[in-house]
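**Student:** Supplied structure: query.cif, mmCIF, C-alpha atoms; chains and numbers go by the auth columns.
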data_run
loop_
_atom_site.group_PDB
_atom_site.id
_atom_site.type_symbol
_atom_site.label_atom_id
_atom_site.label_comp_id
_atom_site.label_asym_id
_atom_site.label_seq_id
_atom_site.Cartn_x
_atom_site.Cartn_y
_atom_site.Cartn_z
_atom_site.B_iso_or_equiv
_atom_site.auth_seq_id
_atom_site.auth_asym_id
ATOM 1 C CA MET A 1 -23.113 -2.923 -24.609 0.00 23 A
ATOM 2 C CA ASN A 2 -21.535 -0.395 -26.964 0.00 24 A
ATOM 3 C CA TYR A 3 -17.916 0.341 -26.343 0.00 25 A
ATOM 4 C CA SER A 4 -15.956 3.293 -27.596 0.00 26 A
ATOM 5 C CA THR A 5 -12.393 2.857 -28.686 0.00 27 A
ATOM 6 C CA PHE A 6 -10.051 4.854 -26.538 0.00 28 A
ATOM 7 C CA ILE A 7 -6.975 6.275 -28.181 0.00 29 A
ATOM 8 C CA SER A 8 -3.921 7.239 -26.166 0.00 30 A
ATOM 9 C CA PRO A 9 -3.266 10.956 -26.623 0.00 31 A
ATOM 10 C CA SER A 10 0.484 10.403 -26.286 0.00 32 A
ATOM 11 C CA THR A 11 0.867 7.565 -28.824 0.00 33 A
ATOM 12 C CA GLY A 12 -2.253 7.728 -30.983 0.00 34 A
ATOM 13 C CA ARG A 13 -2.751 3.969 -30.446 0.00 35 A
ATOM 14 C CA ASP A 14 -5.687 2.029 -29.047 0.00 36 A
ATOM 15 C CA ILE A 15 -5.485 1.568 -25.306 0.00 37 A
ATOM 16 C CA LYS A 16 -5.040 -2.110 -24.459 0.00 38 A
ATOM 17 C CA ALA A 17 -4.196 -1.979 -20.758 0.00 39 A
ATOM 18 C CA VAL A 18 -5.239 0.108 -17.784 0.00 40 A
ATOM 19 C CA LEU A 19 -2.854 0.379 -14.863 0.00 41 A
ATOM 20 C CA PHE A 20 -4.041 1.923 -11.633 0.00 42 A
ATOM 21 C CA ASP A 21 -2.683 3.371 -8.428 0.00 43 A
ATOM 22 C CA THR A 22 -3.248 1.192 -5.394 0.00 44 A
ATOM 23 C CA PHE A 23 -2.757 2.768 -1.963 0.00 45 A
ATOM 24 C CA GLY A 24 -5.507 5.189 -1.059 0.00 46 A
ATOM 25 C CA THR A 25 -7.138 4.785 -4.456 0.00 47 A
ATOM 26 C CA VAL A 26 -8.233 1.180 -4.901 0.00 48 A
ATOM 27 C CA VAL A 27 -7.477 -0.059 -1.394 0.00 49 A
ATOM 28 C CA ASP A 28 -8.349 1.505 1.937 0.00 50 A
ATOM 29 C CA TRP A 29 -5.046 1.470 3.813 0.00 51 A
ATOM 30 C CA ARG A 30 -6.518 3.025 6.966 0.00 52 A
ATOM 31 C CA ALA A 31 -9.258 0.416 7.369 0.00 53 A
ATOM 32 C CA GLY A 32 -6.688 -2.311 6.723 0.00 54 A
ATOM 33 C CA VAL A 33 -3.913 -1.140 9.031 0.00 55 A
ATOM 34 C CA ALA A 34 -6.040 -0.036 12.015 0.00 56 A
ATOM 35 C CA PRO A 35 -7.404 -3.518 12.898 0.00 57 A
ATOM 36 C CA GLU A 36 -3.855 -4.905 12.952 0.00 58 A
ATOM 37 C CA ALA A 37 -2.762 -2.006 15.169 0.00 59 A
ATOM 38 C CA LYS A 38 -5.685 -2.798 17.477 0.00 60 A
ATOM 39 C CA LYS A 39 -4.541 -6.436 17.789 0.00 61 A
ATOM 40 C CA PHE A 40 -0.992 -5.250 18.464 0.00 62 A
ATOM 41 C CA ALA A 41 -2.252 -2.898 21.199 0.00 63 A
ATOM 42 C CA ALA A 42 -4.269 -5.663 22.834 0.00 64 A
ATOM 43 C CA ARG A 43 -1.284 -8.059 22.839 0.00 65 A
ATOM 44 C CA HIS A 44 0.908 -5.437 24.468 0.00 66 A
ATOM 45 C CA GLY A 45 -1.553 -3.911 26.909 0.00 67 A
ATOM 46 C CA ILE A 46 -1.549 -0.516 25.210 0.00 68 A
ATOM 47 C CA ARG A 47 -4.438 1.500 26.579 0.00 69 A
ATOM 48 C CA MET A 48 -4.758 4.621 24.483 0.00 70 A
ATOM 49 C CA GLU A 49 -8.033 5.859 23.085 0.00 71 A
ATOM 50 C CA SER A 50 -8.274 5.223 19.337 0.00 72 A
ATOM 51 C CA PHE A 51 -4.694 3.885 19.299 0.00 73 A
ATOM 52 C CA ASP A 52 -5.498 1.804 16.221 0.00 74 A
ATOM 53 C CA PHE A 53 -6.479 4.753 14.015 0.00 75 A
ATOM 54 C CA VAL A 54 -4.026 7.204 15.601 0.00 76 A
ATOM 55 C CA LEU A 55 -1.145 4.810 14.894 0.00 77 A
ATOM 56 C CA ALA A 56 -2.415 4.043 11.371 0.00 78 A
ATOM 57 C CA ASP A 57 -2.653 7.748 10.517 0.00 79 A
ATOM 58 C CA LYS A 58 0.709 8.662 12.034 0.00 80 A
ATOM 59 C CA TRP A 59 2.359 5.651 10.407 0.00 81 A
ATOM 60 C CA ARG A 60 1.072 6.537 6.943 0.00 82 A
ATOM 61 C CA ALA A 61 1.798 10.247 7.475 0.00 83 A
ATOM 62 C CA GLY A 62 5.506 9.398 7.604 0.00 84 A
ATOM 63 C CA TYR A 63 5.470 7.981 4.083 0.00 85 A
ATOM 64 C CA TYR A 64 6.027 11.167 2.078 0.00 86 A
ATOM 65 C CA ALA A 65 8.773 12.465 4.348 0.00 87 A
ATOM 66 C CA SER A 66 10.550 9.106 4.207 0.00 88 A
ATOM 67 C CA MET A 67 10.330 9.057 0.413 0.00 89 A
ATOM 68 C CA ALA A 68 11.701 12.597 -0.041 0.00 90 A
ATOM 69 C CA PRO A 69 15.419 11.729 0.365 0.00 91 A
ATOM 70 C CA ILE A 70 14.994 8.757 -1.978 0.00 92 A
ATOM 71 C CA ARG A 71 13.267 10.823 -4.638 0.00 93 A
ATOM 72 C CA SER A 72 15.926 13.529 -4.363 0.00 94 A
ATOM 73 C CA GLY A 73 18.768 10.997 -4.613 0.00 95 A
ATOM 74 C CA ASP A 74 20.087 11.719 -1.105 0.00 96 A
ATOM 75 C CA ARG A 75 19.249 8.144 -0.114 0.00 97 A
ATOM 76 C CA GLY A 76 19.479 5.098 -2.305 0.00 98 A
ATOM 77 C CA TYR A 77 16.604 2.818 -3.156 0.00 99 A
ATOM 78 C CA VAL A 78 14.984 1.271 -0.078 0.00 100 A
ATOM 79 C CA PRO A 79 12.290 -1.404 -0.265 0.00 101 A
ATOM 80 C CA LEU A 80 8.938 -0.067 0.867 0.00 102 A
ATOM 81 C CA ASP A 81 8.603 -2.669 3.603 0.00 103 A
ATOM 82 C CA GLN A 82 11.789 -1.275 5.148 0.00 104 A
ATOM 83 C CA LEU A 83 10.408 2.271 4.963 0.00 105 A
ATOM 84 C CA HIS A 84 7.137 1.080 6.475 0.00 106 A
ATOM 85 C CA LEU A 85 9.040 -0.483 9.380 0.00 107 A
ATOM 86 C CA GLU A 86 11.106 2.672 9.918 0.00 108 A
ATOM 87 C CA ASN A 87 7.906 4.752 9.840 0.00 109 A
ATOM 88 C CA LEU A 88 6.179 2.360 12.239 0.00 110 A
ATOM 89 C CA LYS A 89 9.025 2.703 14.741 0.00 111 A
ATOM 90 C CA SER A 90 8.957 6.470 14.364 0.00 112 A
ATOM 91 C CA ALA A 91 5.165 6.602 14.845 0.00 113 A
ATOM 92 C CA LEU A 92 5.365 4.414 17.957 0.00 114 A
ATOM 93 C CA THR A 93 8.117 6.648 19.363 0.00 115 A
ATOM 94 C CA ASP A 94 6.062 9.783 18.649 0.00 116 A
ATOM 95 C CA LEU A 95 3.150 8.218 20.541 0.00 117 A
ATOM 96 C CA GLY A 96 5.358 7.477 23.551 0.00 118 A
ATOM 97 C CA PHE A 97 5.921 3.776 22.907 0.00 119 A
ATOM 98 C CA PRO A 98 9.618 3.040 22.294 0.00 120 A
ATOM 99 C CA PRO A 99 9.886 0.327 19.623 0.00 121 A
ATOM 100 C CA THR A 100 12.595 -1.346 21.683 0.00 122 A
ATOM 101 C CA ASP A 101 9.857 -2.243 24.198 0.00 123 A
ATOM 102 C CA PHE A 102 8.364 -4.683 21.662 0.00 124 A
ATOM 103 C CA PRO A 103 9.750 -7.918 20.230 0.00 125 A
ATOM 104 C CA ASP A 104 11.071 -7.459 16.700 0.00 126 A
ATOM 105 C CA ASP A 105 8.848 -10.310 15.488 0.00 127 A
ATOM 106 C CA ASP A 106 5.765 -8.414 16.701 0.00 128 A
ATOM 107 C CA LEU A 107 6.870 -5.254 14.884 0.00 129 A
ATOM 108 C CA GLN A 108 7.524 -7.274 11.726 0.00 130 A
ATOM 109 C CA GLU A 109 4.084 -8.878 12.001 0.00 131 A
ATOM 110 C CA LEU A 110 2.401 -5.499 12.390 0.00 132 A
ATOM 111 C CA ASN A 111 4.423 -4.194 9.450 0.00 133 A
ATOM 112 C CA ARG A 112 2.880 -6.918 7.275 0.00 134 A
ATOM 113 C CA ALA A 113 -0.516 -5.232 7.769 0.00 135 A
ATOM 114 C CA TRP A 114 0.185 -3.471 4.465 0.00 136 A
ATOM 115 C CA GLU A 115 -0.092 -6.844 2.706 0.00 137 A
ATOM 116 C CA SER A 116 -3.666 -7.391 3.901 0.00 138 A
ATOM 117 C CA LEU A 117 -5.343 -4.259 2.651 0.00 139 A
ATOM 118 C CA ARG A 118 -8.802 -4.682 1.187 0.00 140 A
ATOM 119 C CA GLU A 119 -10.188 -2.829 -1.786 0.00 141 A
ATOM 120 C CA ARG A 120 -12.641 -0.002 -1.450 0.00 142 A
ATOM 121 C CA PRO A 121 -16.154 -1.277 -2.215 0.00 143 A
ATOM 122 C CA ASP A 122 -16.663 1.190 -5.066 0.00 144 A
ATOM 123 C CA SER A 123 -13.494 -0.064 -6.786 0.00 145 A
ATOM 124 C CA VAL A 124 -14.882 -3.533 -7.411 0.00 146 A
ATOM 125 C CA GLU A 125 -17.491 -2.645 -10.021 0.00 147 A
ATOM 126 C CA GLY A 126 -15.267 -0.208 -11.889 0.00 148 A
ATOM 127 C CA LEU A 127 -12.313 -2.563 -12.175 0.00 149 A
ATOM 128 C CA GLU A 128 -14.540 -5.486 -13.143 0.00 150 A
ATOM 129 C CA ARG A 129 -16.015 -3.417 -15.954 0.00 151 A
ATOM 130 C CA LEU A 130 -12.559 -2.391 -17.146 0.00 152 A
ATOM 131 C CA LYS A 131 -11.428 -6.036 -17.114 0.00 153 A
ATOM 132 C CA THR A 132 -14.017 -6.895 -19.752 0.00 154 A
ATOM 133 C CA ARG A 133 -12.131 -4.774 -22.299 0.00 155 A
ATOM 134 C CA TYR A 134 -8.582 -4.275 -21.100 0.00 156 A
ATOM 135 C CA ALA A 135 -5.710 -5.924 -19.335 0.00 157 A
ATOM 136 C CA VAL A 136 -5.919 -4.378 -15.875 0.00 158 A
ATOM 137 C CA GLY A 137 -3.296 -4.237 -13.149 0.00 159 A
ATOM 138 C CA PRO A 138 -1.823 -2.208 -10.327 0.00 160 A
ATOM 139 C CA LEU A 139 1.085 0.159 -10.914 0.00 161 A
ATOM 140 C CA SER A 140 2.559 1.298 -7.665 0.00 162 A
ATOM 141 C CA ASN A 141 5.556 2.683 -5.853 0.00 163 A
ATOM 142 C CA THR A 142 5.394 -0.374 -3.652 0.00 164 A
ATOM 143 C CA TYR A 143 7.171 -3.611 -4.351 0.00 165 A
ATOM 144 C CA THR A 144 5.609 -6.275 -6.531 0.00 166 A
ATOM 145 C CA ALA A 145 5.469 -8.962 -3.826 0.00 167 A
ATOM 146 C CA LEU A 146 3.290 -6.695 -1.670 0.00 168 A
ATOM 147 C CA LEU A 147 0.903 -6.152 -4.597 0.00 169 A
ATOM 148 C CA VAL A 148 0.745 -9.889 -5.239 0.00 170 A
ATOM 149 C CA ASN A 149 0.112 -10.641 -1.555 0.00 171 A
ATOM 150 C CA MET A 150 -2.666 -8.046 -1.466 0.00 172 A
ATOM 151 C CA ALA A 151 -4.191 -9.470 -4.642 0.00 173 A
ATOM 152 C CA ARG A 152 -4.352 -12.923 -3.068 0.00 174 A
ATOM 153 C CA LYS A 153 -6.594 -11.515 -0.339 0.00 175 A
ATOM 154 C CA ALA A 154 -8.636 -8.998 -2.331 0.00 176 A
ATOM 155 C CA ASP A 155 -11.405 -9.339 -4.858 0.00 177 A
ATOM 156 C CA THR A 156 -10.520 -6.661 -7.397 0.00 178 A
ATOM 157 C CA ILE A 157 -6.786 -6.400 -7.691 0.00 179 A
ATOM 158 C CA LYS A 158 -6.418 -9.864 -9.139 0.00 180 A
ATOM 159 C CA SER A 159 -4.854 -9.236 -12.494 0.00 181 A
ATOM 160 C CA PRO A 160 -2.421 -10.761 -14.955 0.00 182 A
ATOM 161 C CA ALA A 161 0.249 -8.184 -14.093 0.00 183 A
ATOM 162 C CA ALA A 162 1.475 -6.157 -11.157 0.00 184 A
ATOM 163 C CA MET A 163 4.025 -3.418 -11.668 0.00 185 A
ATOM 164 C CA GLY A 164 5.933 -2.386 -8.568 0.00 186 A
ATOM 165 C CA CYS A 165 8.827 0.038 -8.445 0.00 187 A
ATOM 166 C CA ARG A 166 11.487 -2.687 -8.270 0.00 188 A
ATOM 167 C CA TYR A 167 11.122 -2.997 -12.025 0.00 189 A
ATOM 168 C CA TRP A 168 12.883 0.342 -12.171 0.00 190 A
ATOM 169 C CA ALA A 169 15.053 -0.116 -9.018 0.00 191 A
ATOM 170 C CA ARG A 170 13.883 3.289 -7.852 0.00 192 A
ATOM 171 C CA PRO A 171 10.569 4.892 -6.965 0.00 193 A
ATOM 172 C CA VAL A 172 8.663 6.449 -9.798 0.00 194 A
ATOM 173 C CA PRO A 173 8.493 10.134 -8.799 0.00 195 A
ATOM 174 C CA SER A 174 5.053 10.724 -10.236 0.00 196 A
ATOM 175 C CA LEU A 175 3.432 7.834 -8.354 0.00 197 A
#
Mind turning the file's structure into structure tokens?

**Tutor:**
Amino acid sequence: MNYSTFISPSTGRDIKAVLFDTFGTVVDWRAGVAPEAKKFAARHGIRMESFDFVLADKWRAGYYASMAPIRSGDRGYVPLDQLHLENLKSALTDLGFPPTDFPDDDLQELNRAWESLRERPDSVEGLERLKTRYAVGPLSNTYTALLVNMARKADTIKSPAAMGCRYWARPVPSL
């Protein structure tokens, strides 16, 4: 196979590593969160049509609004798992299910759904090809432990490095 050398436009140097976004790009958060929401609903007798996907969508929809005060500096750094839990409670409330009706351990367990996300099938081949030439790893606004936990369960995101926002102690605005 013939490979071209790729030069970074910003530095003029050969590219040696490729870092990639994770949520919504390489992994399918919706298909990962919805099954856990379905299990949660079954355990708690929630009978709402498509609860699993409705909750997953509403839960994720809260992400950008919850990040806005952090990005603007109005709120200090907050670990993503804390934001996910706050957004989960808000989504449940919006759907008419007060979070106080559920044991905290069950909410925490559902919140860990973000650690079990699987890669999109079309990501596998592309990342494997990149790995033959470059160091490859996720770069994300999430925390490194979540990336590592996801990598343990996924096929493609296994890499020698994972860069989460705790390296900077603040979210990276452009991610």

**Student:** On this file, the PyMOL selection byres ((chain A and resi 80) around 9) gives some set of residues; write that set as a list of chain:residue names.

**Tutor:**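 Checking the PyMOL selection byres ((chain A and resi 80) around 9) against this file, the residues are A:Phe75, A:Val76, A:Leu77, A:Ala78, A:Asp79, A:Trp81, A:Arg82, A:Ala83, A:Gly84, A:Asn109, A:Leu110, A:Ser112, A:Ala113, A:Leu114, A:Asp116, A:Leu117.
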
**Student:** Which value, in Å to one decimal, gives the distance between CA of Ala56 (chain A) and CA of Leu132 (chain A)?

**Tutor:**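 Value for the CA of Ala56 (chain A)-CA of Leu132 (chain A) distance: 10.1 Å.
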
**Student:** Do you know which residues the PyMOL selection byres ((chain A and resi 145) around 12) returns on this file, as a PyMOL selection string?

**Tutor:** chain A and resi 42-44+46-50+140-144+146-152+176-179

**Student:** Any idea what the distance is between CA of Glu58 (chain A) and CA of Asp128 (chain A)?

**Tutor:**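 These two atoms are separated by 10.9 Å.
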
**Student:** By how many Å are CA of Arg69 (chain A) and CA of Leu129 (chain A) apart?

**Tutor:** 17.6 Å

**Student:** Please define a box with edges along x, y and z of the file around all atoms of region 149-165 of chain A given in the file, extend it by 5 Å on each side, and return its centre and edge lengths in Å to one decimal, as JSON.

**Tutor:**
{"center_x": -4.4, "center_y": -2.1, "center_z": -13.0, "size_x": 33.2, "size_y": 19.6, "size_z": 28.6}

**Student:** Counting all atoms listed in the file, figure out which residue out of A:Val55, A:Ala39, A:Val170, A:Ile68 gets nearest to Arg134 (chain A).

**Tutor:**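 Among A:Val55, A:Ala39, A:Val170, A:Ile68, it is A:Val55 that comes nearest to Arg134 (chain A).
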
**Student:** Report as a PyMOL selection string the full result of the PyMOL selection byres ((chain A and resi 158) around 7) when it is applied to this structure.

**Tutor:** chain A and resi 39-41+153+156-157+159+181

**Student:** For C-alpha atoms, I'd like the residues from the last selection saved as a PDB file, in the coordinates of the input.

**Tutor:**
ATOM      1  CA  ALA A  39      -4.196  -1.979 -20.758  1.00  0.00           C
ATOM      2  CA  VAL A  40      -5.239   0.108 -17.784  1.00  0.00           C
ATOM      3  CA  LEU A  41      -2.854   0.379 -14.863  1.00  0.00           C
ATOM      4  CA  LYS A 153     -11.428  -6.036 -17.114  1.00  0.00           C
ATOM      5  CA  TYR A 156      -8.582  -4.275 -21.100  1.00  0.00           C
ATOM      6  CA  ALA A 157      -5.710  -5.924 -19.335  1.00  0.00           C
ATOM      7  CA  GLY A 159      -3.296  -4.237 -13.149  1.00  0.00           C
ATOM      8  CA  SER A 181      -4.854  -9.236 -12.494  1.00  0.00           C
TER       9      SER A 181
END

**Student:** May I have the protein, DNA and RNA residues with any atom at most 9 Å from the point (1.7, -4.2, 17.6), counting all atoms listed in the file, written as a ChimeraX atom specification?

**Tutor:** /A:58-66,124,128-133

**Student:** May I ask which of the residues A:Lys38, A:Pro57, A:Asn171, A:Thr115 is the closest one to Thr154 (chain A), counting only C-alpha atoms?

**Tutor:**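 Counting only C-alpha atoms, the residue closest to Thr154 (chain A) is A:Lys38.
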